[in-house]
$ cat structure16.pdb   # PDB, C-alpha atoms
MODEL        1
ATOM      1  CA  MET A   1       0.000   0.000   0.000
ATOM      2  CA  THR A   2       1.412   3.359  -0.983
ATOM      3  CA  LYS A   3       1.739   6.350   1.330
ATOM      4  CA  PHE A   4      -0.974   8.049  -0.706
ATOM      5  CA  ASP A   5      -3.358   5.117  -0.115
ATOM      6  CA  GLN A   6      -2.524   5.179   3.587
ATOM      7  CA  ALA A   7      -3.244   8.896   3.774
ATOM      8  CA  LYS A   8      -6.574   8.393   1.963
ATOM      9  CA  LEU A   9      -7.583   5.689   4.448
ATOM     10  CA  LEU A  10      -6.692   7.845   7.411
ATOM     11  CA  MET A  11      -8.676  10.753   5.969
ATOM     12  CA  ARG A  12     -11.649   8.440   5.398
ATOM     13  CA  ALA A  13     -11.437   7.205   8.999
ATOM     14  CA  ARG A  14     -11.412  10.778  10.313
ATOM     15  CA  LYS A  15     -14.384  11.659   8.116
ATOM     16  CA  LEU A  16     -16.333   8.663   9.420
ATOM     17  CA  GLN A  17     -15.492   9.637  12.986
ATOM     18  CA  LYS A  18     -16.918  13.117  12.376
ATOM     19  CA  GLU A  19     -20.044  11.535  10.902
ATOM     20  CA  LEU A  20     -20.421   9.414  14.033
ATOM     21  CA  GLN A  21     -20.235  12.573  16.157
ATOM     22  CA  LYS A  22     -23.313  13.873  14.319
ATOM     23  CA  GLU A  23     -25.317  10.627  14.451
ATOM     24  CA  VAL A  24     -27.858  10.610  17.275
ATOM     25  CA  ILE A  25     -29.611   7.462  18.452
ATOM     26  CA  VAL A  26     -32.749   7.762  20.584
ATOM     27  CA  VAL A  27     -33.748   4.882  22.856
ATOM     28  CA  GLU A  28     -36.820   4.662  25.085
ATOM     29  CA  ALA A  29     -37.645   2.452  28.042
ATOM     30  CA  GLY A  30     -40.718   2.069  30.222
ATOM     31  CA  ASP A  31     -43.101   2.820  27.340
ATOM     32  CA  GLY A  32     -41.504   6.228  26.850
ATOM     33  CA  ALA A  33     -41.040   7.074  30.512
ATOM     34  CA  VAL A  34     -37.279   7.319  29.930
ATOM     35  CA  LYS A  35     -35.565   8.528  26.774
ATOM     36  CA  VAL A  36     -31.804   8.495  26.140
ATOM     37  CA  GLU A  37     -30.091  10.285  23.257
ATOM     38  CA  ILE A  38     -26.548   9.151  22.436
ATOM     39  CA  THR A  39     -24.124   9.920  19.616
ATOM     40  CA  GLY A  40     -22.373   7.440  17.361
ATOM     41  CA  GLU A  41     -19.318   8.047  19.538
ATOM     42  CA  GLN A  42     -21.175   6.758  22.603
ATOM     43  CA  LYS A  43     -21.499  10.166  24.212
ATOM     44  CA  ILE A  44     -24.802  10.702  25.964
ATOM     45  CA  LYS A  45     -26.400  13.913  24.768
ATOM     46  CA  LYS A  46     -29.582  13.916  26.823
ATOM     47  CA  ILE A  47     -31.639  11.863  29.245
ATOM     48  CA  SER A  48     -35.333  12.699  29.542
ATOM     49  CA  ILE A  49     -37.812  11.421  32.116
ATOM     50  CA  ASP A  50     -41.545  11.854  31.645
ATOM     51  CA  PRO A  51     -42.802  12.678  35.159
ATOM     52  CA  GLU A  52     -46.347  11.637  34.264
ATOM     53  CA  GLN A  53     -45.191   8.075  33.591
ATOM     54  CA  VAL A  54     -42.964   7.700  36.651
ATOM     55  CA  ASP A  55     -44.223   6.406  39.980
ATOM     56  CA  LEU A  56     -42.158   8.160  42.634
ATOM     57  CA  GLU A  57     -43.123   5.392  45.031
ATOM     58  CA  ASP A  58     -41.135   2.969  42.837
ATOM     59  CA  VAL A  59     -37.768   4.635  42.232
ATOM     60  CA  GLY A  60     -36.270   1.181  41.627
ATOM     61  CA  GLN A  61     -38.358   0.832  38.454
ATOM     62  CA  LEU A  62     -37.111   4.196  37.202
ATOM     63  CA  GLU A  63     -33.526   3.101  37.866
ATOM     64  CA  ARG A  64     -34.092  -0.129  35.893
ATOM     65  CA  TRP A  65     -35.596   1.816  32.978
ATOM     66  CA  LEU A  66     -32.622   4.181  32.969
ATOM     67  CA  GLU A  67     -30.176   1.294  33.094
ATOM     68  CA  ASP A  68     -31.973  -0.560  30.282
ATOM     69  CA  ALA A  69     -32.181   2.537  28.082
ATOM     70  CA  ILE A  70     -28.518   3.437  28.591
ATOM     71  CA  LYS A  71     -27.320  -0.120  27.915
ATOM     72  CA  ASP A  72     -29.451  -0.327  24.776
ATOM     73  CA  ALA A  73     -28.280   3.101  23.575
ATOM     74  CA  ILE A  74     -24.614   2.204  24.063
ATOM     75  CA  GLY A  75     -25.111  -1.124  22.281
ATOM     76  CA  GLN A  76     -26.813   0.533  19.313
ATOM     77  CA  SER A  77     -24.121   3.202  19.169
ATOM     78  CA  GLN A  78     -21.371   0.580  19.190
ATOM     79  CA  ARG A  79     -23.052  -1.384  16.392
ATOM     80  CA  LEU A  80     -23.447   1.777  14.314
ATOM     81  CA  ALA A  81     -19.781   2.700  14.785
ATOM     82  CA  ALA A  82     -18.642  -0.821  13.933
ATOM     83  CA  GLU A  83     -20.750  -0.889  10.766
ATOM     84  CA  LYS A  84     -19.479   2.478   9.558
ATOM     85  CA  MET A  85     -15.849   1.889  10.455
ATOM     86  CA  GLN A  86     -15.504  -1.768   9.396
ATOM     87  CA  PRO A  87     -14.324  -1.159   5.807
ATOM     88  CA  VAL A  88     -11.738   1.381   6.901
ATOM     89  CA  MET A  89     -10.559  -0.507   9.969
ATOM     90  CA  GLY A  90      -9.867  -3.641   7.951
ATOM     91  CA  ALA A  91      -7.617  -1.690   5.636
ATOM     92  CA  LEU A  92      -5.981   0.232   8.487
ATOM     93  CA  GLY A  93      -5.266  -3.033  10.290
ATOM     94  CA  ASN A  94      -2.910  -3.906   7.466
ATOM     95  CA  LEU A  95      -0.937  -0.779   8.340
ATOM     96  CA  GLY A  96      -0.411  -1.898  11.919
ATOM     97  CA  LEU A  97      -2.700   0.809  13.332
TER      98      LEU A  97
ENDMDL
END

$ encode --input "structure16.pdb" --output "structure tokens"
Amino acid sequence: MTKFDQAKLLMRARKLQKELQKEVIVVEAGDGAVKVEITGEQKIKKISIDPEQVDLEDVGQLERWLEDAIKDAIGQSQRLAAEKMQPVMGALGNLGL
């Protein structure tokens, strides 16, 4: 692989990373009681809780919904990143990066 090809791959990887920064995944739990927004880089942008759907007598349920939503959001974000980066990462792996 030539230096030019290597540079093109690195530029493509950086471009994909910037695209992932802009991607936003929205996950809900508890029938919409909890909503988590996360980027393709696995950075949480926002967590929303609908007070009308939350029973303050059962804080444990709210905690479970938050945990489920965050786990699901991270999983979806990781899958998205892997899908977008797979072609580039395979080629970059040949460079020892």

$ resolve_selection --input "structure16.pdb" --expression "the PyMOL selection byres ((chain A and resi 24) around 10)" --output "count of residues only"
19

$ residues_around --input "structure16.pdb" --residues "Ser48 in chain A" --least-positions-apart "5" --cutoff "10 Å" --atoms "only C-alpha atoms" --output "list in words"
Glu28, Gly32, Ala33, Val34, Lys35, Val36, Glu37 and Leu66 of chain A

$ axis_aligned_box --input "structure16.pdb" --around "range 36-54 of chain A" --padding-each-side "6 Å" --output "lines of an AutoDock Vina configuration file"
center_x = -32.8
center_y = 10.3
center_z = 27.0
size_x = 39.0
size_y = 19.2
size_z = 31.3

$ atom_distance --input "structure16.pdb" --atom1 "CA of Lys15 in chain A" --atom2 "CA of Ala69 in chain A"
28.3 Å

$ atom_distance --input "structure16.pdb" --atom1 "CA of Leu16 in chain A" --atom2 "CA of Gln76 in chain A"
16.5 Å

$ atom_distance --input "structure16.pdb" --atom1 "CA of Leu56 in chain A" --atom2 "CA of Gly30 in chain A"
13.9 Å

$ build_atoms --input "structure16.pdb" --residues "range 5-21 of chain A" --atoms "N, CA and C atoms" --output "PDB file, in the frame of the given file"
ATOM      1  N   ASP A   5      -2.220   5.957  -0.512  1.00  0.00           N
ATOM      2  CA  ASP A   5      -3.358   5.117  -0.115  1.00  0.00           C
ATOM      3  C   ASP A   5      -3.549   5.149   1.399  1.00  0.00           C
ATOM      4  N   GLN A   6      -2.459   5.121   2.132  1.00  0.00           N
ATOM      5  CA  GLN A   6      -2.524   5.179   3.587  1.00  0.00           C
ATOM      6  C   GLN A   6      -3.145   6.495   4.040  1.00  0.00           C
ATOM      7  N   ALA A   7      -2.713   7.579   3.422  1.00  0.00           N
ATOM      8  CA  ALA A   7      -3.244   8.896   3.774  1.00  0.00           C
ATOM      9  C   ALA A   7      -4.743   8.973   3.466  1.00  0.00           C
ATOM     10  N   LYS A   8      -5.150   8.401   2.328  1.00  0.00           N
ATOM     11  CA  LYS A   8      -6.574   8.393   1.963  1.00  0.00           C
ATOM     12  C   LYS A   8      -7.393   7.620   2.993  1.00  0.00           C
ATOM     13  N   LEU A   9      -6.869   6.482   3.444  1.00  0.00           N
ATOM     14  CA  LEU A   9      -7.583   5.689   4.448  1.00  0.00           C
ATOM     15  C   LEU A   9      -7.716   6.436   5.764  1.00  0.00           C
ATOM     16  N   LEU A  10      -6.640   7.082   6.165  1.00  0.00           N
ATOM     17  CA  LEU A  10      -6.692   7.845   7.411  1.00  0.00           C
ATOM     18  C   LEU A  10      -7.684   9.006   7.315  1.00  0.00           C
ATOM     19  N   MET A  11      -7.721   9.659   6.174  1.00  0.00           N
ATOM     20  CA  MET A  11      -8.676  10.753   5.969  1.00  0.00           C
ATOM     21  C   MET A  11     -10.104  10.218   5.995  1.00  0.00           C
ATOM     22  N   ARG A  12     -10.308   9.060   5.399  1.00  0.00           N
ATOM     23  CA  ARG A  12     -11.649   8.440   5.398  1.00  0.00           C
ATOM     24  C   ARG A  12     -12.071   8.090   6.831  1.00  0.00           C
ATOM     25  N   ALA A  13     -11.133   7.557   7.607  1.00  0.00           N
ATOM     26  CA  ALA A  13     -11.437   7.205   8.999  1.00  0.00           C
ATOM     27  C   ALA A  13     -11.811   8.450   9.798  1.00  0.00           C
ATOM     28  N   ARG A  14     -11.104   9.524   9.602  1.00  0.00           N
ATOM     29  CA  ARG A  14     -11.412  10.778  10.313  1.00  0.00           C
ATOM     30  C   ARG A  14     -12.779  11.314   9.899  1.00  0.00           C
ATOM     31  N   LYS A  15     -13.084  11.200   8.609  1.00  0.00           N
ATOM     32  CA  LYS A  15     -14.384  11.659   8.116  1.00  0.00           C
ATOM     33  C   LYS A  15     -15.502  10.841   8.751  1.00  0.00           C
ATOM     34  N   LEU A  16     -15.329   9.527   8.804  1.00  0.00           N
ATOM     35  CA  LEU A  16     -16.333   8.663   9.420  1.00  0.00           C
ATOM     36  C   LEU A  16     -16.502   8.986  10.900  1.00  0.00           C
ATOM     37  N   GLN A  17     -15.413   9.285  11.570  1.00  0.00           N
ATOM     38  CA  GLN A  17     -15.492   9.637  12.986  1.00  0.00           C
ATOM     39  C   GLN A  17     -16.323  10.908  13.175  1.00  0.00           C
ATOM     40  N   LYS A  18     -16.133  11.885  12.289  1.00  0.00           N
ATOM     41  CA  LYS A  18     -16.918  13.117  12.376  1.00  0.00           C
ATOM     42  C   LYS A  18     -18.394  12.839  12.103  1.00  0.00           C
ATOM     43  N   GLU A  19     -18.661  11.912  11.171  1.00  0.00           N
ATOM     44  CA  GLU A  19     -20.044  11.535  10.902  1.00  0.00           C
ATOM     45  C   GLU A  19     -20.670  10.900  12.140  1.00  0.00           C
ATOM     46  N   LEU A  20     -19.910  10.065  12.830  1.00  0.00           N
ATOM     47  CA  LEU A  20     -20.421   9.414  14.033  1.00  0.00           C
ATOM     48  C   LEU A  20     -20.736  10.433  15.124  1.00  0.00           C
ATOM     49  N   GLN A  21     -19.971  11.522  15.171  1.00  0.00           N
ATOM     50  CA  GLN A  21     -20.235  12.573  16.157  1.00  0.00           C
ATOM     51  C   GLN A  21     -21.618  13.183  15.930  1.00  0.00           C
TER      52      GLN A  21
END
